[in-house]
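Undergrad: TSV, C-alpha atoms, file target31.tsv:
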```tsv
chain	number	residue	atom	x	y	z
A	1	MET	CA	31.97	54.56	39.41
A	2	THR	CA	34.93	54.98	37.01
A	3	PRO	CA	38.58	55.89	37.75
A	4	GLU	CA	37.76	59.45	36.70
A	5	ASN	CA	35.23	59.74	39.54
A	6	ILE	CA	37.68	58.71	42.27
A	7	LYS	CA	39.33	61.84	43.65
A	8	PRO	CA	41.82	62.22	46.51
A	9	TYR	CA	40.00	64.91	48.46
A	10	ASN	CA	36.36	64.77	47.30
A	11	LYS	CA	36.32	68.50	46.67
A	12	THR	CA	34.53	70.33	43.89
A	13	ASP	CA	37.84	70.80	42.05
A	14	ASN	CA	38.43	68.53	39.08
A	15	LYS	CA	40.49	65.38	39.53
A	16	LYS	CA	43.53	66.84	37.81
A	17	LYS	CA	43.88	69.66	40.34
A	18	GLN	CA	43.37	67.31	43.25
A	19	VAL	CA	45.95	64.80	42.01
A	20	GLU	CA	48.46	67.63	41.54
A	21	GLU	CA	47.79	68.86	45.09
A	22	MET	CA	48.07	65.35	46.51
A	23	PHE	CA	51.45	64.64	44.94
A	24	ASP	CA	52.75	68.06	45.92
A	25	ASN	CA	51.74	67.24	49.50
A	26	ILE	CA	53.43	63.82	49.68
A	27	SER	CA	56.44	64.51	47.44
A	28	GLU	CA	58.95	64.80	50.29
A	29	ASN	CA	58.27	61.28	51.54
A	30	TYR	CA	57.14	59.69	48.28
A	31	ASP	CA	60.25	57.63	47.46
A	32	PHE	CA	60.71	56.43	51.04
A	33	LEU	CA	57.07	55.36	51.31
A	34	ASN	CA	57.19	53.56	47.96
A	35	ARG	CA	60.11	51.42	49.12
A	36	LEU	CA	58.63	50.85	52.57
A	37	LEU	CA	55.05	50.07	51.61
A	38	SER	CA	55.99	47.77	48.73
A	39	LEU	CA	58.90	46.13	50.63
A	40	LYS	CA	61.02	47.33	47.67
A	41	ILE	CA	59.10	45.09	45.26
A	42	ASP	CA	58.28	48.22	43.22
A	43	VAL	CA	61.94	48.19	42.12
A	44	TYR	CA	61.52	44.65	40.79
A	45	TRP	CA	58.33	45.62	38.93
A	46	ARG	CA	60.03	48.54	37.21
A	47	ASN	CA	62.96	46.30	36.29
A	48	ARG	CA	60.54	43.90	34.55
A	49	LEU	CA	59.26	46.78	32.45
A	50	GLU	CA	62.75	48.11	31.80
A	51	LYS	CA	63.92	44.77	30.38
A	52	ARG	CA	61.30	45.13	27.64
A	53	VAL	CA	62.38	48.69	26.92
A	54	VAL	CA	66.08	47.82	26.70
A	55	ALA	CA	65.38	45.02	24.21
A	56	LEU	CA	63.98	47.56	21.73
A	57	ASN	CA	67.04	49.87	21.72
A	58	PRO	CA	64.96	53.09	21.51
A	59	GLY	CA	66.27	56.51	20.54
A	60	LYS	CA	63.62	58.65	22.30
A	61	ILE	CA	61.51	57.72	25.31
A	62	LEU	CA	58.67	59.57	27.00
A	63	ASP	CA	57.81	58.65	30.61
A	64	VAL	CA	54.33	59.93	31.48
A	65	ALA	CA	53.40	60.54	35.13
A	66	THR	CA	57.12	60.29	35.84
A	67	GLY	CA	56.81	61.45	39.46
A	68	THR	CA	60.26	61.64	41.01
A	69	ALA	CA	61.72	60.18	37.80
A	70	ASP	CA	62.59	56.65	38.99
A	71	LEU	CA	61.66	55.04	35.68
A	72	ALA	CA	63.07	57.88	33.58
A	73	ILE	CA	66.40	57.43	35.36
A	74	GLU	CA	66.35	53.69	34.63
A	75	HIS	CA	65.67	54.44	30.96
A	76	ALA	CA	68.69	56.74	30.80
A	77	LYS	CA	70.98	54.36	32.69
A	78	LYS	CA	70.12	51.23	30.71
A	79	THR	CA	69.62	52.61	27.19
A	80	ASN	CA	71.23	55.26	25.01
A	81	ALA	CA	67.91	57.05	24.53
A	82	LEU	CA	67.10	60.68	25.15
A	83	VAL	CA	64.45	60.62	27.87
A	84	THR	CA	61.63	63.05	28.62
A	85	GLY	CA	59.66	62.77	31.86
A	86	LEU	CA	56.30	64.51	32.26
A	87	ASP	CA	54.23	65.01	35.41
A	88	LEU	CA	51.47	67.21	36.85
A	89	SER	CA	53.28	67.89	40.12
A	90	GLN	CA	56.15	70.38	40.05
A	91	ARG	CA	57.29	69.34	43.52
A	92	MET	CA	57.61	65.72	42.42
A	93	LEU	CA	59.62	66.86	39.41
A	94	ASP	CA	61.86	68.98	41.64
A	95	TYR	CA	62.78	65.93	43.71
A	96	GLY	CA	63.30	63.97	40.51
A	97	GLN	CA	65.67	66.62	39.18
A	98	ILE	CA	67.78	66.39	42.32
A	99	LYS	CA	68.17	62.63	41.75
A	100	ILE	CA	68.98	63.15	38.06
A	101	ASN	CA	71.64	65.74	38.86
A	102	LYS	CA	73.25	63.51	41.50
A	103	GLN	CA	73.56	60.68	38.98
A	104	GLY	CA	75.04	62.90	36.27
A	105	LEU	CA	72.11	62.38	33.90
A	106	LYS	CA	70.89	65.93	33.36
A	107	GLU	CA	72.08	65.90	29.74
A	108	ARG	CA	70.07	62.74	29.06
A	109	ILE	CA	66.79	63.44	30.88
A	110	LYS	CA	64.49	66.42	30.50
A	111	LEU	CA	61.62	66.89	32.96
A	112	ILE	CA	58.47	68.80	31.97
A	113	LYS	CA	55.37	69.81	33.92
A	114	GLY	CA	52.32	68.85	31.88
A	115	GLU	CA	49.11	66.88	31.47
A	116	ALA	CA	48.82	63.35	30.11
A	117	GLU	CA	45.56	64.22	28.33
A	118	ASN	CA	47.21	67.10	26.45
A	119	LEU	CA	50.80	66.10	25.76
A	120	PRO	CA	52.96	69.01	24.52
A	121	PHE	CA	54.68	66.97	21.80
A	122	HIS	CA	54.40	66.44	18.05
A	123	ASP	CA	52.75	63.42	16.48
A	124	GLU	CA	54.99	60.36	16.17
A	125	GLU	CA	57.84	61.83	18.23
A	126	PHE	CA	58.83	58.90	20.49
A	127	ASP	CA	59.91	55.30	19.99
A	128	ILE	CA	58.57	54.26	23.40
A	129	VAL	CA	56.13	55.75	25.90
A	130	THR	CA	55.95	54.43	29.46
A	131	ALA	CA	53.67	55.09	32.42
A	132	SER	CA	54.42	53.59	35.82
A	133	PHE	CA	51.62	53.66	38.42
A	134	GLY	CA	50.17	56.78	36.84
A	135	VAL	CA	47.31	56.02	34.46
A	136	ARG	CA	44.78	55.51	37.26
A	137	ASN	CA	45.37	59.18	38.14
A	138	PHE	CA	44.41	60.46	34.68
A	139	GLU	CA	41.37	62.69	34.68
A	140	ASN	CA	40.28	60.99	31.46
A	141	LEU	CA	41.86	57.54	31.03
A	142	GLU	CA	40.98	57.02	27.37
A	143	LYS	CA	42.07	60.52	26.35
A	144	GLY	CA	45.40	59.98	28.08
A	145	ILE	CA	45.93	56.67	26.30
A	146	SER	CA	44.93	58.24	22.98
A	147	GLU	CA	47.49	61.02	23.53
A	148	MET	CA	50.24	58.52	24.31
A	149	GLN	CA	49.34	56.68	21.12
A	150	ARG	CA	49.45	59.92	19.13
A	151	VAL	CA	53.03	60.82	20.12
A	152	LEU	CA	54.35	57.32	19.38
A	153	LYS	CA	56.03	56.56	16.08
A	154	LYS	CA	54.43	53.91	13.89
A	155	GLY	CA	55.43	50.55	15.29
A	156	GLY	CA	56.31	52.21	18.60
A	157	LYS	CA	55.47	50.68	21.97
A	158	LEU	CA	53.51	51.79	24.99
A	159	PHE	CA	54.29	50.11	28.31
A	160	ILE	CA	51.99	50.66	31.27
A	161	LEU	CA	52.84	49.34	34.74
A	162	GLU	CA	49.81	49.53	37.01
A	163	PHE	CA	48.16	47.86	39.97
A	164	SER	CA	45.60	45.19	39.13
A	165	LYS	CA	43.55	42.83	41.29
A	166	PRO	CA	45.21	39.74	42.82
A	167	THR	CA	43.37	36.45	42.78
A	168	GLY	CA	43.57	33.17	44.67
A	169	ILE	CA	44.55	32.54	48.28
A	170	PHE	CA	46.81	35.62	48.37
A	171	ALA	CA	44.03	38.06	47.46
A	172	PRO	CA	42.31	38.55	50.87
A	173	PHE	CA	45.63	39.08	52.65
A	174	PHE	CA	46.72	41.64	50.10
A	175	MET	CA	43.41	43.50	50.25
A	176	LEU	CA	43.60	43.64	54.07
A	177	TYR	CA	47.05	45.22	53.79
A	178	PHE	CA	46.12	47.47	50.87
A	179	LYS	CA	42.89	48.87	52.32
A	180	TYR	CA	43.78	49.17	56.02
A	181	ILE	CA	47.45	48.83	56.90
A	182	LEU	CA	48.96	50.72	53.96
A	183	PRO	CA	46.74	53.83	54.37
A	184	THR	CA	47.52	54.00	58.09
A	185	ILE	CA	51.28	53.89	57.56
A	186	GLY	CA	51.05	56.33	54.66
A	187	LYS	CA	49.03	58.80	56.71
A	188	ILE	CA	51.45	58.70	59.66
A	189	ILE	CA	54.57	59.26	57.55
A	190	SER	CA	53.26	61.58	54.84
A	191	GLY	CA	50.92	63.64	57.02
A	192	ASP	CA	48.25	63.44	54.30
A	193	SER	CA	45.18	61.62	55.59
A	194	LYS	CA	43.65	61.14	52.12
A	195	ALA	CA	46.48	60.25	49.74
A	196	TYR	CA	46.96	56.64	50.81
A	197	THR	CA	43.23	56.04	51.10
A	198	TYR	CA	42.86	57.31	47.55
A	199	LEU	CA	45.41	54.68	46.39
A	200	PRO	CA	43.29	51.55	47.08
A	201	ASP	CA	40.11	53.40	46.09
A	202	SER	CA	41.54	54.36	42.70
A	203	VAL	CA	42.92	50.87	42.10
A	204	SER	CA	39.54	49.28	42.91
A	205	LYS	CA	37.90	51.15	40.00
A	206	MET	CA	40.77	50.78	37.54
A	207	PRO	CA	40.14	48.49	34.53
A	208	TYR	CA	42.64	45.66	34.31
A	209	GLY	CA	43.50	42.57	32.31
A	210	LYS	CA	41.48	42.05	29.12
A	211	GLU	CA	39.38	45.14	29.81
A	212	MET	CA	42.49	47.33	29.82
A	213	GLU	CA	43.81	45.60	26.70
A	214	GLU	CA	40.54	46.45	24.93
A	215	ILE	CA	40.87	50.10	25.93
A	216	LEU	CA	44.29	50.21	24.25
A	217	LEU	CA	42.86	48.71	21.08
A	218	LYS	CA	39.91	51.11	21.15
A	219	ASN	CA	42.31	54.05	21.28
A	220	GLY	CA	44.44	53.28	18.26
A	221	PHE	CA	46.80	50.48	19.19
A	222	LYS	CA	47.03	47.61	16.71
A	223	GLN	CA	48.04	45.06	19.33
A	224	SER	CA	47.81	44.87	23.10
A	225	THR	CA	48.93	42.28	25.64
A	226	SER	CA	49.31	42.08	29.41
A	227	LYS	CA	51.22	40.06	31.98
A	228	THR	CA	50.68	39.94	35.74
A	229	PHE	CA	53.34	39.83	38.46
A	230	THR	CA	53.42	39.04	42.19
A	231	PHE	CA	50.17	37.04	42.31
A	232	GLY	CA	48.40	39.58	40.13
A	233	VAL	CA	49.17	42.64	42.27
A	234	VAL	CA	50.47	44.50	39.20
A	235	SER	CA	50.22	44.15	35.44
A	236	ILE	CA	52.41	45.33	32.60
A	237	TYR	CA	50.42	46.26	29.49
A	238	GLU	CA	52.09	46.51	26.10
A	239	GLY	CA	50.51	48.33	23.19
A	240	THR	CA	51.91	48.45	19.66
A	241	LYS	CA	51.03	51.36	17.38
```
Give the structure from this file in structure tokens form.
TA:
Amino acid sequence: MTPENIKPYNKTDNKKKQVEEMFDNISENYDFLNRLLSLKIDVYWRNRLEKRVVALNPGKILDVATGTADLAIEHAKKTNALVTGLDLSQRMLDYGQIKINKQGLKERIKLIKGEAENLPFHDEEFDIVTASFGVRNFENLEKGISEMQRVLKKGGKLFILEFSKPTGIFAPFFMLYFKYILPTIGKIISGDSKAYTYLPDSVSKMPYGKEMEEILLKNGFKQSTSKTFTFGVVSIYEGTK
């Protein structure tokens, strides 16, 4: 079974519609649950990605699957770039816009409702494209990666932050938490019984490490690398066009 076959609600609707519905459903508690369930380590992970972005001094950045715009906001705060955030869920974007307005960044960040597999942008429009915990939700992973490659300028960079699979002595403890404790807490707080079961299910079928690097190369990137963090819980992938 591939990431495309893992759906939040197991309905006849396509994955894209189900993912949109899921994030609409959990949008109100999304930020709180992210901080709680990750013990705020998700902030550290995004900071690791942001350090790479800042070093490149980009002029235009696209953040795909931006959600409530956490990473887009970091881009705008730590670089001089114009930032565009794109997401399937309008409710997630609405919460993101509230955060952007509060921080006085509405002139620097534009949020758009759209699909990763059909990006509404010209070829070679952005210096950097990022995706934080979003690519496993693509209806077609390779098409989404190909689209992100298309809108990058030559020499531009793609950075993907995504869950991977931990190894070593830490692995069984993490999997116990990820498969049983996390979904229970998520269900109680969000009120959605499926969303936080879908999370470990989608991660379990997501390619990672060298396999993910090969997918980037297959879809037009000249170079691809990856680095793991927190005992392999997450990886940052870097693709160069």
Undergrad: From the options A:Glu74, A:Asp123, A:Asp24, A:Glu139, which residue's atoms come nearest to Tyr44 in chain A, counting only C-alpha atoms?
TA: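 Among the listed residues, the smallest separation from Tyr44 in chain A belongs to A:Glu74.
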Undergrad: Would you mind listing what lies within 10 Å of range 169-173 of chain A as a PyMOL selection string, with all atoms listed in the file counted and same-chain residues fewer than 3 positions away left out?
TA: chain A and resi 165-166+176-178+230-233
Undergrad: Could you check how far CA of Asn47 in chain A sits from CA of Arg150 in chain A, in Å to one decimal?
TA: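 CA of Arg150 in chain A lies 25.7 Å from CA of Asn47 in chain A.
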Undergrad: Starting from the point (56.4, 48.8, 15.4), work out which residues of protein, DNA or RNA have an atom no more than 12 Å away when counting only C-alpha atoms; state them as a short mmCIF file (atom, residue, chain, number, x, y, z; two decimals) with C-alpha atoms, in the coordinates of the input.
TA:
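point16.cif written:
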```cif
data_model
loop_
_atom_site.label_atom_id
_atom_site.label_comp_id
_atom_site.auth_asym_id
_atom_site.auth_seq_id
_atom_site.Cartn_x
_atom_site.Cartn_y
_atom_site.Cartn_z
CA LEU A 56 63.98 47.56 21.73
CA PRO A 58 64.96 53.09 21.51
CA GLU A 124 54.99 60.36 16.17
CA PHE A 126 58.83 58.90 20.49
CA ASP A 127 59.91 55.30 19.99
CA ILE A 128 58.57 54.26 23.40
CA LEU A 152 54.35 57.32 19.38
CA LYS A 153 56.03 56.56 16.08
CA LYS A 154 54.43 53.91 13.89
CA GLY A 155 55.43 50.55 15.29
CA GLY A 156 56.31 52.21 18.60
CA LYS A 157 55.47 50.68 21.97
CA LEU A 158 53.51 51.79 24.99
CA PHE A 221 46.80 50.48 19.19
CA LYS A 222 47.03 47.61 16.71
CA GLN A 223 48.04 45.06 19.33
CA GLU A 238 52.09 46.51 26.10
CA GLY A 239 50.51 48.33 23.19
CA THR A 240 51.91 48.45 19.66
CA LYS A 241 51.03 51.36 17.38
#
```
Undergrad: For Tyr237 in chain A, which of A:Lys210, A:Lys205, A:His75, A:Lys102 is the closest residue, counting only C-alpha atoms?
TA: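 That would be A:Lys210, the residue with the smallest distance to Tyr237 in chain A.
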Undergrad: Counting only C-alpha atoms, what is within 7 Å of Lys7 in chain A, bar same-chain residues fewer than 4 positions away, as a list in words?
TA: Lys15, Gln18 and Tyr198 of chain A
Undergrad: Counting all atoms listed in the file, what is within 10 Å of Tyr30 in chain A, bar same-chain residues fewer than 3 positions away, as a list in words?
TA: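 Neighbouring residues, sequence-local ones excluded: Phe23, Asp24, Asn25, Ile26, Ser27, Leu33, Asn34, Arg35, Leu36, Gly67, Thr68, Met92, Tyr95, Gly186, Ile189 and Ser190 of chain A.
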Undergrad: Go ahead and save the residues from that selection, with C-alpha atoms, as an mmCIF file, keeping the file's coordinate frame.
TA:
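Written out: result.cif:
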```cif
data_model
loop_
_atom_site.group_PDB
_atom_site.id
_atom_site.type_symbol
_atom_site.label_atom_id
_atom_site.label_comp_id
_atom_site.auth_asym_id
_atom_site.auth_seq_id
_atom_site.Cartn_x
_atom_site.Cartn_y
_atom_site.Cartn_z
ATOM 1 C CA PHE A 23 51.450 64.640 44.940
ATOM 2 C CA ASP A 24 52.750 68.060 45.920
ATOM 3 C CA ASN A 25 51.740 67.240 49.500
ATOM 4 C CA ILE A 26 53.430 63.820 49.680
ATOM 5 C CA SER A 27 56.440 64.510 47.440
ATOM 6 C CA LEU A 33 57.070 55.360 51.310
ATOM 7 C CA ASN A 34 57.190 53.560 47.960
ATOM 8 C CA ARG A 35 60.110 51.420 49.120
ATOM 9 C CA LEU A 36 58.630 50.850 52.570
ATOM 10 C CA GLY A 67 56.810 61.450 39.460
ATOM 11 C CA THR A 68 60.260 61.640 41.010
ATOM 12 C CA MET A 92 57.610 65.720 42.420
ATOM 13 C CA TYR A 95 62.780 65.930 43.710
ATOM 14 C CA GLY A 186 51.050 56.330 54.660
ATOM 15 C CA ILE A 189 54.570 59.260 57.550
ATOM 16 C CA SER A 190 53.260 61.580 54.840
#
```
Undergrad: Hey, can I get the axis-aligned box for range 180-192 of chain A? All listed atoms, 4 Å padding on each side, centre and edge lengths in Å to one decimal, as JSON.
TA:
```
{"center_x": 49.2, "center_y": 56.2, "center_z": 56.8, "size_x": 18.8, "size_y": 22.8, "size_z": 13.7}
```
Undergrad: For Glu117 in chain A, list every protein, DNA or RNA residue within 7 Å, evaluated using all atoms listed in the file, and leave out those in the same chain fewer than 4 positions away; present the list as number ranges by chain.
TA: A: 140, 143-144, 147
Undergrad: Which residue gives the smallest distance to Asp87 in chain A among A:Glu4, A:Glu20, A:Glu142, A:Asp31, with all atoms listed in the file counted?
TA: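 Ranked by minimum distance to Asp87 in chain A, first place goes to A:Glu20.
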Undergrad: Would you kindly return, as a VMD selection string, each protein, DNA or RNA residue with an atom no farther than 12 Å from any atom of Ile73 in chain A, considering all atoms listed in the file and excluding same-chain residues fewer than 3 positions away?
TA: chain A and resid 46 to 47 50 61 to 63 66 to 70 76 to 85 96 to 111
Undergrad: Which one of A:Leu119, A:Leu88, A:Leu49, A:Val129 sits closest to Thr228 in chain A if you count all atoms listed in the file?
TA: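 So, comparing all the options, the nearest one is A:Leu49.
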Undergrad: Of the residues A:Val135, A:Leu93, A:Val54, A:Leu199, which is the one nearest to Ile160 in chain A, using only C-alpha atoms?
TA: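 Of A:Val135, A:Leu93, A:Val54, A:Leu199, the one nearest Ile160 in chain A, counting only C-alpha atoms, is A:Val135.
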Undergrad: Taking all atoms listed in the file into account, which of A:Pro200, A:Ser132, A:Ser193, A:Leu71 comes nearest Met175 in chain A?
TA: A:Pro200
